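The next block is start.cif, given as mmCIF, N, CA and C atoms.
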```cif
data_my_file
#
loop_
_atom_site.label_atom_id
_atom_site.label_comp_id
_atom_site.auth_asym_id
_atom_site.auth_seq_id
_atom_site.Cartn_x
_atom_site.Cartn_y
_atom_site.Cartn_z
N MET B 163 20.46 -22.91 7.36
CA MET B 163 19.39 -22.03 6.91
C MET B 163 19.80 -20.58 7.18
N SER B 164 19.55 -19.75 6.21
CA SER B 164 19.84 -18.32 6.32
C SER B 164 18.97 -17.68 7.40
N LYS B 165 19.48 -16.65 8.05
CA LYS B 165 18.70 -15.90 9.05
C LYS B 165 17.52 -15.19 8.39
N LEU B 166 17.58 -15.04 7.08
CA LEU B 166 16.50 -14.38 6.35
C LEU B 166 15.28 -15.28 6.18
N TYR B 167 15.48 -16.58 6.21
CA TYR B 167 14.38 -17.51 5.95
C TYR B 167 13.18 -17.29 6.87
N PRO B 168 13.36 -17.29 8.20
CA PRO B 168 12.17 -17.11 9.05
C PRO B 168 11.50 -15.75 8.87
N LEU B 169 12.28 -14.74 8.55
CA LEU B 169 11.70 -13.41 8.35
C LEU B 169 10.81 -13.39 7.12
N PHE B 170 11.33 -13.85 6.01
CA PHE B 170 10.53 -13.85 4.78
C PHE B 170 9.40 -14.88 4.84
N SER B 171 9.59 -15.95 5.58
CA SER B 171 8.54 -16.93 5.77
C SER B 171 7.36 -16.31 6.53
N SER B 172 7.68 -15.51 7.52
CA SER B 172 6.65 -14.80 8.29
C SER B 172 5.87 -13.84 7.39
N VAL B 173 6.59 -13.14 6.53
CA VAL B 173 5.93 -12.21 5.60
C VAL B 173 5.00 -12.99 4.67
N LEU B 174 5.46 -14.14 4.18
CA LEU B 174 4.61 -14.95 3.29
C LEU B 174 3.32 -15.36 3.99
N LYS B 175 3.39 -15.76 5.24
CA LYS B 175 2.18 -16.15 5.98
C LYS B 175 1.21 -14.98 6.07
N GLU B 176 1.73 -13.79 6.35
CA GLU B 176 0.87 -12.61 6.46
C GLU B 176 0.25 -12.24 5.11
N VAL B 177 1.03 -12.34 4.05
CA VAL B 177 0.54 -12.05 2.71
C VAL B 177 -0.57 -13.03 2.34
N GLU B 178 -0.33 -14.31 2.58
CA GLU B 178 -1.35 -15.32 2.25
C GLU B 178 -2.62 -15.12 3.07
N GLN B 179 -2.49 -14.77 4.33
CA GLN B 179 -3.66 -14.51 5.17
C GLN B 179 -4.44 -13.30 4.65
N THR B 180 -3.73 -12.28 4.25
CA THR B 180 -4.40 -11.09 3.72
C THR B 180 -5.13 -11.42 2.42
N LEU B 181 -4.50 -12.18 1.55
CA LEU B 181 -5.16 -12.59 0.30
C LEU B 181 -6.41 -13.41 0.59
N LYS B 182 -6.33 -14.28 1.57
CA LYS B 182 -7.49 -15.10 1.95
C LYS B 182 -8.63 -14.23 2.47
N GLU B 183 -8.29 -13.28 3.32
CA GLU B 183 -9.30 -12.43 3.95
C GLU B 183 -9.93 -11.42 2.99
N THR B 184 -9.26 -11.11 1.91
CA THR B 184 -9.79 -10.13 0.96
C THR B 184 -10.29 -10.77 -0.34
N ALA B 185 -10.35 -12.08 -0.38
CA ALA B 185 -10.70 -12.80 -1.62
C ALA B 185 -12.07 -12.40 -2.18
N GLU B 186 -13.01 -12.11 -1.33
CA GLU B 186 -14.37 -11.81 -1.79
C GLU B 186 -14.62 -10.32 -2.04
N MET B 187 -13.64 -9.49 -1.79
CA MET B 187 -13.83 -8.05 -1.94
C MET B 187 -13.57 -7.63 -3.38
N SER B 188 -14.36 -6.67 -3.84
CA SER B 188 -14.24 -6.26 -5.24
C SER B 188 -13.96 -4.77 -5.44
N HIS B 189 -13.74 -4.06 -4.36
CA HIS B 189 -13.42 -2.64 -4.49
C HIS B 189 -12.18 -2.50 -5.38
N PRO B 190 -12.16 -1.53 -6.29
CA PRO B 190 -11.02 -1.39 -7.21
C PRO B 190 -9.65 -1.27 -6.52
N LEU B 191 -9.60 -0.60 -5.38
CA LEU B 191 -8.33 -0.49 -4.67
C LEU B 191 -7.91 -1.82 -4.04
N VAL B 192 -8.89 -2.62 -3.64
CA VAL B 192 -8.58 -3.96 -3.12
C VAL B 192 -8.03 -4.82 -4.25
N VAL B 193 -8.65 -4.75 -5.40
CA VAL B 193 -8.17 -5.51 -6.55
C VAL B 193 -6.73 -5.12 -6.86
N LEU B 194 -6.44 -3.84 -6.78
CA LEU B 194 -5.09 -3.35 -7.07
C LEU B 194 -4.08 -3.86 -6.04
N PHE B 195 -4.39 -3.74 -4.74
CA PHE B 195 -3.40 -4.20 -3.77
C PHE B 195 -3.32 -5.72 -3.71
N ARG B 196 -4.41 -6.40 -4.06
CA ARG B 196 -4.34 -7.88 -4.13
C ARG B 196 -3.43 -8.32 -5.27
N THR B 197 -3.45 -7.61 -6.37
CA THR B 197 -2.56 -7.95 -7.49
C THR B 197 -1.10 -7.82 -7.06
N ALA B 198 -0.79 -6.75 -6.35
CA ALA B 198 0.57 -6.56 -5.84
C ALA B 198 0.91 -7.64 -4.81
N LEU B 199 -0.06 -8.01 -3.97
CA LEU B 199 0.17 -9.06 -2.99
C LEU B 199 0.42 -10.41 -3.66
N GLU B 200 -0.29 -10.67 -4.74
CA GLU B 200 -0.09 -11.94 -5.46
C GLU B 200 1.31 -12.00 -6.06
N ASP B 201 1.80 -10.88 -6.60
CA ASP B 201 3.17 -10.83 -7.11
C ASP B 201 4.17 -11.01 -5.97
N GLU B 202 3.88 -10.38 -4.85
CA GLU B 202 4.75 -10.50 -3.69
C GLU B 202 4.78 -11.95 -3.20
N ARG B 203 3.61 -12.58 -3.17
CA ARG B 203 3.53 -13.99 -2.75
C ARG B 203 4.38 -14.88 -3.64
N GLN B 204 4.30 -14.67 -4.95
CA GLN B 204 5.08 -15.48 -5.87
C GLN B 204 6.57 -15.26 -5.67
N ALA B 205 6.97 -14.02 -5.48
CA ALA B 205 8.38 -13.72 -5.24
C ALA B 205 8.86 -14.38 -3.95
N LEU B 206 8.04 -14.36 -2.91
CA LEU B 206 8.39 -15.00 -1.65
C LEU B 206 8.51 -16.51 -1.82
N ARG B 207 7.62 -17.08 -2.60
CA ARG B 207 7.69 -18.53 -2.86
C ARG B 207 8.96 -18.89 -3.63
N ASN B 208 9.40 -18.00 -4.50
CA ASN B 208 10.67 -18.23 -5.22
C ASN B 208 11.87 -18.07 -4.29
N LEU B 209 11.74 -17.14 -3.39
CA LEU B 209 12.83 -16.75 -2.49
C LEU B 209 13.12 -17.77 -1.39
N LEU B 210 12.09 -18.31 -0.81
CA LEU B 210 12.26 -19.16 0.37
C LEU B 210 13.11 -20.41 0.15
N PRO B 211 12.96 -21.14 -0.95
CA PRO B 211 13.85 -22.30 -1.14
C PRO B 211 15.33 -21.91 -1.20
N ILE B 212 15.61 -20.76 -1.76
CA ILE B 212 17.00 -20.29 -1.85
C ILE B 212 17.51 -19.94 -0.45
N LEU B 213 16.64 -19.34 0.36
CA LEU B 213 17.04 -18.91 1.70
C LEU B 213 17.15 -20.07 2.69
N LYS B 214 16.75 -21.27 2.28
CA LYS B 214 16.95 -22.44 3.14
C LYS B 214 18.42 -22.82 3.23
N GLN B 215 19.20 -22.35 2.27
CA GLN B 215 20.65 -22.62 2.28
C GLN B 215 21.30 -21.83 3.41
N ASP B 216 22.48 -22.31 3.85
CA ASP B 216 23.19 -21.62 4.93
C ASP B 216 23.67 -20.23 4.52
N SER B 217 24.29 -20.13 3.37
CA SER B 217 24.81 -18.84 2.89
C SER B 217 24.44 -18.64 1.42
N PRO B 218 23.18 -18.29 1.17
CA PRO B 218 22.78 -18.13 -0.22
C PRO B 218 23.48 -16.94 -0.88
N ALA B 219 23.78 -17.09 -2.15
CA ALA B 219 24.40 -16.00 -2.90
C ALA B 219 23.33 -14.95 -3.19
N LEU B 220 23.66 -13.71 -2.98
CA LEU B 220 22.73 -12.61 -3.21
C LEU B 220 22.22 -12.61 -4.64
N GLU B 221 23.09 -12.94 -5.56
CA GLU B 221 22.74 -12.98 -6.98
C GLU B 221 21.56 -13.92 -7.23
N ASP B 222 21.44 -14.97 -6.39
CA ASP B 222 20.39 -15.98 -6.57
C ASP B 222 19.01 -15.51 -6.14
N PHE B 223 18.95 -14.48 -5.29
CA PHE B 223 17.63 -14.07 -4.80
C PHE B 223 17.36 -12.56 -4.88
N LYS B 224 18.28 -11.80 -5.42
CA LYS B 224 18.10 -10.34 -5.37
C LYS B 224 16.89 -9.85 -6.16
N LYS B 225 16.59 -10.47 -7.28
CA LYS B 225 15.44 -10.02 -8.08
C LYS B 225 14.13 -10.24 -7.31
N ASP B 226 13.93 -11.45 -6.79
CA ASP B 226 12.71 -11.72 -6.04
C ASP B 226 12.64 -10.90 -4.77
N CYS B 227 13.77 -10.67 -4.15
CA CYS B 227 13.82 -9.85 -2.94
C CYS B 227 13.37 -8.42 -3.26
N SER B 228 13.84 -7.88 -4.35
CA SER B 228 13.43 -6.54 -4.78
C SER B 228 11.93 -6.47 -5.05
N VAL B 229 11.40 -7.52 -5.66
CA VAL B 229 9.96 -7.57 -5.95
C VAL B 229 9.16 -7.53 -4.64
N VAL B 230 9.62 -8.26 -3.65
CA VAL B 230 8.93 -8.27 -2.35
C VAL B 230 8.87 -6.86 -1.77
N TYR B 231 10.01 -6.19 -1.75
CA TYR B 231 10.06 -4.84 -1.15
C TYR B 231 9.25 -3.83 -1.96
N LEU B 232 9.41 -3.84 -3.24
CA LEU B 232 8.70 -2.86 -4.07
C LEU B 232 7.19 -3.08 -4.04
N ASN B 233 6.77 -4.34 -4.07
CA ASN B 233 5.34 -4.61 -4.00
C ASN B 233 4.77 -4.28 -2.63
N ASP B 234 5.56 -4.47 -1.59
CA ASP B 234 5.08 -4.10 -0.26
C ASP B 234 4.80 -2.60 -0.18
N GLU B 235 5.65 -1.80 -0.82
CA GLU B 235 5.41 -0.35 -0.85
C GLU B 235 4.09 -0.04 -1.56
N ILE B 236 3.84 -0.74 -2.65
CA ILE B 236 2.59 -0.54 -3.42
C ILE B 236 1.40 -0.95 -2.58
N VAL B 237 1.50 -2.11 -1.94
CA VAL B 237 0.39 -2.62 -1.13
C VAL B 237 0.08 -1.66 0.01
N GLU B 238 1.12 -1.22 0.69
CA GLU B 238 0.92 -0.32 1.84
C GLU B 238 0.18 0.96 1.43
N SER B 239 0.64 1.61 0.39
CA SER B 239 0.01 2.88 -0.01
C SER B 239 -1.40 2.65 -0.57
N THR B 240 -1.59 1.59 -1.32
CA THR B 240 -2.92 1.31 -1.88
C THR B 240 -3.89 0.91 -0.79
N PHE B 241 -3.42 0.11 0.17
CA PHE B 241 -4.27 -0.24 1.31
C PHE B 241 -4.71 1.01 2.06
N ARG B 242 -3.78 1.93 2.30
CA ARG B 242 -4.12 3.17 3.02
C ARG B 242 -5.17 3.97 2.25
N ALA B 243 -5.06 4.00 0.93
CA ALA B 243 -6.04 4.71 0.11
C ALA B 243 -7.41 4.04 0.24
N TRP B 244 -7.44 2.73 0.22
CA TRP B 244 -8.69 1.98 0.38
C TRP B 244 -9.29 2.23 1.76
N LEU B 245 -8.46 2.19 2.78
CA LEU B 245 -8.92 2.44 4.14
C LEU B 245 -9.58 3.82 4.25
N ARG B 246 -8.93 4.83 3.69
CA ARG B 246 -9.51 6.18 3.70
C ARG B 246 -10.83 6.23 2.94
N ALA B 247 -10.87 5.55 1.79
CA ALA B 247 -12.07 5.57 0.95
C ALA B 247 -13.25 4.91 1.66
N VAL B 248 -13.04 3.74 2.25
CA VAL B 248 -14.16 3.05 2.89
C VAL B 248 -14.59 3.76 4.17
N ASP B 249 -13.65 4.39 4.87
CA ASP B 249 -14.03 5.17 6.05
C ASP B 249 -14.85 6.40 5.65
N TRP B 250 -14.39 7.06 4.63
CA TRP B 250 -15.07 8.27 4.17
C TRP B 250 -16.48 7.97 3.68
N MET B 251 -16.63 6.85 2.97
CA MET B 251 -17.95 6.49 2.41
C MET B 251 -18.81 5.70 3.38
N ASP B 252 -18.26 5.37 4.57
CA ASP B 252 -18.96 4.50 5.50
C ASP B 252 -19.39 3.22 4.79
N HIS B 253 -18.46 2.66 4.06
CA HIS B 253 -18.64 1.48 3.22
C HIS B 253 -18.73 0.22 4.07
N ALA B 254 -19.36 -0.81 3.54
CA ALA B 254 -19.48 -2.09 4.25
C ALA B 254 -18.12 -2.71 4.58
N ASP B 255 -17.10 -2.39 3.78
CA ASP B 255 -15.76 -2.96 4.00
C ASP B 255 -15.00 -2.26 5.14
N SER B 256 -15.58 -1.23 5.74
CA SER B 256 -14.87 -0.48 6.79
C SER B 256 -14.39 -1.38 7.92
N GLU B 257 -15.24 -2.29 8.35
CA GLU B 257 -14.88 -3.18 9.46
C GLU B 257 -13.74 -4.11 9.06
N GLU B 258 -13.81 -4.66 7.86
CA GLU B 258 -12.74 -5.55 7.38
C GLU B 258 -11.43 -4.78 7.21
N ALA B 259 -11.52 -3.57 6.71
CA ALA B 259 -10.33 -2.75 6.52
C ALA B 259 -9.66 -2.48 7.86
N ALA B 260 -10.45 -2.20 8.87
CA ALA B 260 -9.91 -1.93 10.20
C ALA B 260 -9.19 -3.15 10.76
N LYS B 261 -9.72 -4.35 10.48
CA LYS B 261 -9.07 -5.58 10.94
C LYS B 261 -7.70 -5.76 10.28
N LEU B 262 -7.61 -5.38 9.02
CA LEU B 262 -6.35 -5.55 8.28
C LEU B 262 -5.33 -4.47 8.60
N GLU B 263 -5.78 -3.36 9.12
CA GLU B 263 -4.91 -2.20 9.33
C GLU B 263 -3.66 -2.53 10.14
N ASN B 264 -3.78 -3.39 11.12
CA ASN B 264 -2.63 -3.71 11.97
C ASN B 264 -1.64 -4.68 11.32
N ARG B 265 -2.04 -5.34 10.28
CA ARG B 265 -1.17 -6.33 9.66
C ARG B 265 -0.01 -5.68 8.91
N PHE B 266 -0.24 -4.61 8.22
CA PHE B 266 0.78 -4.03 7.35
C PHE B 266 1.97 -3.42 8.10
N PRO B 267 1.77 -2.76 9.24
CA PRO B 267 2.95 -2.31 9.98
C PRO B 267 3.83 -3.49 10.45
N GLY B 268 3.20 -4.61 10.77
CA GLY B 268 3.96 -5.79 11.18
C GLY B 268 4.80 -6.35 10.04
N ILE B 269 4.22 -6.37 8.86
CA ILE B 269 4.96 -6.83 7.68
C ILE B 269 6.13 -5.90 7.42
N LYS B 270 5.87 -4.60 7.51
CA LYS B 270 6.95 -3.64 7.26
C LYS B 270 8.06 -3.79 8.30
N LYS B 271 7.71 -4.02 9.54
CA LYS B 271 8.71 -4.21 10.59
C LYS B 271 9.56 -5.45 10.29
N THR B 272 8.93 -6.52 9.87
CA THR B 272 9.66 -7.75 9.54
C THR B 272 10.57 -7.52 8.34
N LEU B 273 10.08 -6.81 7.33
CA LEU B 273 10.91 -6.53 6.16
C LEU B 273 12.07 -5.59 6.51
N THR B 274 11.86 -4.72 7.48
CA THR B 274 12.95 -3.85 7.93
C THR B 274 14.02 -4.67 8.65
N GLU B 275 13.58 -5.64 9.44
CA GLU B 275 14.54 -6.55 10.08
C GLU B 275 15.33 -7.33 9.03
N ALA B 276 14.62 -7.80 8.00
CA ALA B 276 15.28 -8.53 6.92
C ALA B 276 16.27 -7.62 6.19
N ALA B 277 15.90 -6.37 6.01
CA ALA B 277 16.80 -5.42 5.33
C ALA B 277 18.09 -5.26 6.11
N ALA B 278 17.98 -5.17 7.44
CA ALA B 278 19.18 -5.05 8.27
C ALA B 278 20.04 -6.30 8.14
N GLU B 279 19.40 -7.44 8.08
CA GLU B 279 20.13 -8.70 7.95
C GLU B 279 20.82 -8.78 6.58
N ILE B 280 20.13 -8.33 5.54
CA ILE B 280 20.72 -8.32 4.20
C ILE B 280 21.94 -7.39 4.18
N GLU B 281 21.77 -6.23 4.79
CA GLU B 281 22.88 -5.28 4.85
C GLU B 281 24.07 -5.86 5.62
N ASN B 282 23.80 -6.51 6.73
CA ASN B 282 24.88 -7.12 7.52
C ASN B 282 25.58 -8.24 6.75
N ALA B 283 24.81 -9.05 6.05
CA ALA B 283 25.38 -10.21 5.36
C ALA B 283 26.06 -9.87 4.04
N TYR B 284 25.51 -8.88 3.32
CA TYR B 284 25.99 -8.64 1.96
C TYR B 284 26.60 -7.25 1.76
N GLY B 285 26.52 -6.41 2.77
CA GLY B 285 27.12 -5.09 2.69
C GLY B 285 26.16 -4.00 2.24
N ASP B 286 26.46 -2.79 2.68
CA ASP B 286 25.63 -1.63 2.38
C ASP B 286 25.62 -1.31 0.89
N ASP B 287 26.78 -1.35 0.26
CA ASP B 287 26.85 -0.98 -1.16
C ASP B 287 26.01 -1.88 -2.04
N THR B 288 25.98 -3.15 -1.72
CA THR B 288 25.20 -4.10 -2.52
C THR B 288 23.72 -4.04 -2.19
N SER B 289 23.40 -3.98 -0.90
CA SER B 289 21.99 -4.05 -0.48
C SER B 289 21.19 -2.83 -0.88
N LYS B 290 21.84 -1.70 -1.07
CA LYS B 290 21.08 -0.48 -1.39
C LYS B 290 20.40 -0.56 -2.75
N TYR B 291 20.81 -1.49 -3.59
CA TYR B 291 20.17 -1.66 -4.89
C TYR B 291 19.02 -2.67 -4.84
N ILE B 292 18.83 -3.28 -3.69
CA ILE B 292 17.79 -4.30 -3.53
C ILE B 292 16.69 -3.83 -2.59
N VAL B 293 17.09 -3.18 -1.51
CA VAL B 293 16.16 -2.77 -0.47
C VAL B 293 15.89 -1.27 -0.59
N PRO B 294 14.62 -0.88 -0.78
CA PRO B 294 14.29 0.55 -0.87
C PRO B 294 14.63 1.31 0.42
N VAL B 295 14.78 2.59 0.30
CA VAL B 295 15.20 3.46 1.40
C VAL B 295 14.29 3.33 2.62
N LEU B 296 12.99 3.19 2.44
CA LEU B 296 12.07 3.13 3.57
C LEU B 296 12.34 1.96 4.51
N TYR B 297 13.01 0.94 4.03
CA TYR B 297 13.24 -0.25 4.84
C TYR B 297 14.67 -0.34 5.37
N ARG B 298 15.53 0.53 4.89
CA ARG B 298 16.94 0.46 5.26
C ARG B 298 17.13 1.08 6.64
N PRO B 299 17.77 0.35 7.55
CA PRO B 299 17.87 0.80 8.95
C PRO B 299 18.55 2.16 9.12
N GLN B 300 19.62 2.45 8.41
CA GLN B 300 20.37 3.68 8.64
C GLN B 300 19.74 4.89 7.96
N THR B 301 18.69 4.69 7.18
CA THR B 301 18.08 5.82 6.48
C THR B 301 16.70 6.18 7.04
N GLY B 302 16.42 5.71 8.21
CA GLY B 302 15.16 6.13 8.84
C GLY B 302 14.04 5.15 8.69
N GLY B 303 14.32 3.92 8.28
CA GLY B 303 13.28 2.91 8.22
C GLY B 303 12.78 2.60 9.63
N VAL B 304 11.71 1.87 9.75
CA VAL B 304 11.16 1.51 11.04
C VAL B 304 12.11 0.55 11.73
N ARG B 305 12.39 0.80 12.98
CA ARG B 305 13.30 -0.09 13.73
C ARG B 305 12.53 -0.97 14.67
#
```
Rewrite the coordinates I just gave you, this time as structure tokens.
Amino acid sequence: MSKLYPLFSSVLKEVEQTLKETAEMSHPLVVLFRTALEDERQALRNLLPILKQDSPALEDFKKDCSVVYLNDEIVESTFRAWLRAVDWMDHADSEEAAKLENRFPGIKKTLTEAAAEIENAYGDDTSKYIVPVLYRPQTGGVR
């Protein structure tokens, strides 16, 4: 099994939990970040069987891997916008938003660990086209 499997598996669990916890919310920003989370979930589900192999070929999972990272960026920024909106309006979702606030930094930390592993396994030149700058260890991503 690839070292990436437990990392991306952890992200999938967090994504699914977030989708479950926000299922009844209808705020437009929630709908937007849930759509990105659903795409991310599907990409993770595609990715995990490939990562069960000992040495998966990058070519076999790079597209889904890119989707995970790019959608995570969308989710993070949209969630932050929703958090600001519900706090500002003293909206009923404020309490739920506060509960979710701690989940996204954890996901980003896990994805940053995965980015380092991708870079170690497949090289810097190749990984830079898959992993966005915010997650890459040598470019100031979260360590």
* Asked: How would you write, as JSON, numbers by chain, the residues chosen by the PyMOL selection byres ((chain B and resi 234-251) around 7) on this structure?
  -> {"B": [191, 192, 194, 195, 196, 198, 199, 202, 229, 230, 231, 232, 233, 252, 253, 254, 255, 256, 259, 260, 266]}
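Closest approach to Lys224 of chain B from the set B:Arg207, B:Tyr167, B:Glu257, B:Ile292 is made by B:Ile292, with distances taken over only N, CA and C atoms.
For the atom pair formed by atom CA of Ser228 of chain B and atom CA of Ser289 of chain B, the distance is 9.9 Å, given to one decimal.
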* **helix (DSSP H, G or I) residues, from DSSP on the backbone, in segment 178-302 of chain B, as a count of residues only** => 100
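Going from atom C of Ser171 of chain B over to atom CA of Thr288 of chain B, you cover 23.4 Å.
For the pair atom C of Thr197 of chain B and atom CA of Leu181 of chain B, the interatomic distance is 9.7 Å.
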* Name the closest residue to Cys227 of chain B among the candidates B:His189, B:Val293, B:Lys182, B:Val177; distances are taken between atoms, counting only C-alpha atoms. => B:Val293
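Minimum distance to Tyr297 of chain B across B:Glu186, B:Lys165, B:Ala276, B:Asn282 (counting all atoms listed in the file) occurs at B:Ala276.
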* Tell me, as a ChimeraX atom specification, which residues lie within 10 Å of Ser217 of chain B, counting only C-alpha atoms; anything in the same chain fewer than 6 positions away does not count. => /B:163-165,283
Any chance you could resolve the PyMOL selection byres (((chain B and resi 208-211 and name CA) around 9) and name CA) against this file and give the residues as an mmCIF file with N, CA and C atoms, keeping the file's coordinate frame?
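This is the output file expr.cif:
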```cif
data_model
loop_
_atom_site.group_PDB
_atom_site.id
_atom_site.type_symbol
_atom_site.label_atom_id
_atom_site.label_comp_id
_atom_site.auth_asym_id
_atom_site.auth_seq_id
_atom_site.Cartn_x
_atom_site.Cartn_y
_atom_site.Cartn_z
ATOM 1 N N LEU B 166 17.580 -15.040 7.080
ATOM 2 C CA LEU B 166 16.500 -14.380 6.350
ATOM 3 C C LEU B 166 15.280 -15.280 6.180
ATOM 4 N N TYR B 167 15.480 -16.580 6.210
ATOM 5 C CA TYR B 167 14.380 -17.510 5.950
ATOM 6 C C TYR B 167 13.180 -17.290 6.870
ATOM 7 N N PRO B 168 13.360 -17.290 8.200
ATOM 8 C CA PRO B 168 12.170 -17.110 9.050
ATOM 9 C C PRO B 168 11.500 -15.750 8.870
ATOM 10 N N PHE B 170 11.330 -13.850 6.010
ATOM 11 C CA PHE B 170 10.530 -13.850 4.780
ATOM 12 C C PHE B 170 9.400 -14.880 4.840
ATOM 13 N N SER B 171 9.590 -15.950 5.580
ATOM 14 C CA SER B 171 8.540 -16.930 5.770
ATOM 15 C C SER B 171 7.360 -16.310 6.530
ATOM 16 N N ARG B 203 3.610 -12.580 -3.170
ATOM 17 C CA ARG B 203 3.530 -13.990 -2.750
ATOM 18 C C ARG B 203 4.380 -14.880 -3.640
ATOM 19 N N GLN B 204 4.300 -14.670 -4.950
ATOM 20 C CA GLN B 204 5.080 -15.480 -5.870
ATOM 21 C C GLN B 204 6.570 -15.260 -5.670
ATOM 22 N N ALA B 205 6.970 -14.020 -5.480
ATOM 23 C CA ALA B 205 8.380 -13.720 -5.240
ATOM 24 C C ALA B 205 8.860 -14.380 -3.950
ATOM 25 N N LEU B 206 8.040 -14.360 -2.910
ATOM 26 C CA LEU B 206 8.390 -15.000 -1.650
ATOM 27 C C LEU B 206 8.510 -16.510 -1.820
ATOM 28 N N ARG B 207 7.620 -17.080 -2.600
ATOM 29 C CA ARG B 207 7.690 -18.530 -2.860
ATOM 30 C C ARG B 207 8.960 -18.890 -3.630
ATOM 31 N N ILE B 212 15.610 -20.760 -1.760
ATOM 32 C CA ILE B 212 17.000 -20.290 -1.850
ATOM 33 C C ILE B 212 17.510 -19.940 -0.450
ATOM 34 N N LEU B 213 16.640 -19.340 0.360
ATOM 35 C CA LEU B 213 17.040 -18.910 1.700
ATOM 36 C C LEU B 213 17.150 -20.070 2.690
ATOM 37 N N LYS B 214 16.750 -21.270 2.280
ATOM 38 C CA LYS B 214 16.950 -22.440 3.140
ATOM 39 C C LYS B 214 18.420 -22.820 3.230
ATOM 40 N N GLN B 215 19.200 -22.350 2.270
ATOM 41 C CA GLN B 215 20.650 -22.620 2.280
ATOM 42 C C GLN B 215 21.300 -21.830 3.410
ATOM 43 N N ASP B 222 21.440 -14.970 -6.390
ATOM 44 C CA ASP B 222 20.390 -15.980 -6.570
ATOM 45 C C ASP B 222 19.010 -15.510 -6.140
ATOM 46 N N PHE B 223 18.950 -14.480 -5.290
ATOM 47 C CA PHE B 223 17.630 -14.070 -4.800
ATOM 48 C C PHE B 223 17.360 -12.560 -4.880
ATOM 49 N N LYS B 224 18.280 -11.800 -5.420
ATOM 50 C CA LYS B 224 18.100 -10.340 -5.370
ATOM 51 C C LYS B 224 16.890 -9.850 -6.160
ATOM 52 N N ASP B 226 13.930 -11.450 -6.790
ATOM 53 C CA ASP B 226 12.710 -11.720 -6.040
ATOM 54 C C ASP B 226 12.640 -10.900 -4.770
ATOM 55 N N CYS B 227 13.770 -10.670 -4.150
ATOM 56 C CA CYS B 227 13.820 -9.850 -2.940
ATOM 57 C C CYS B 227 13.370 -8.420 -3.260
#
```
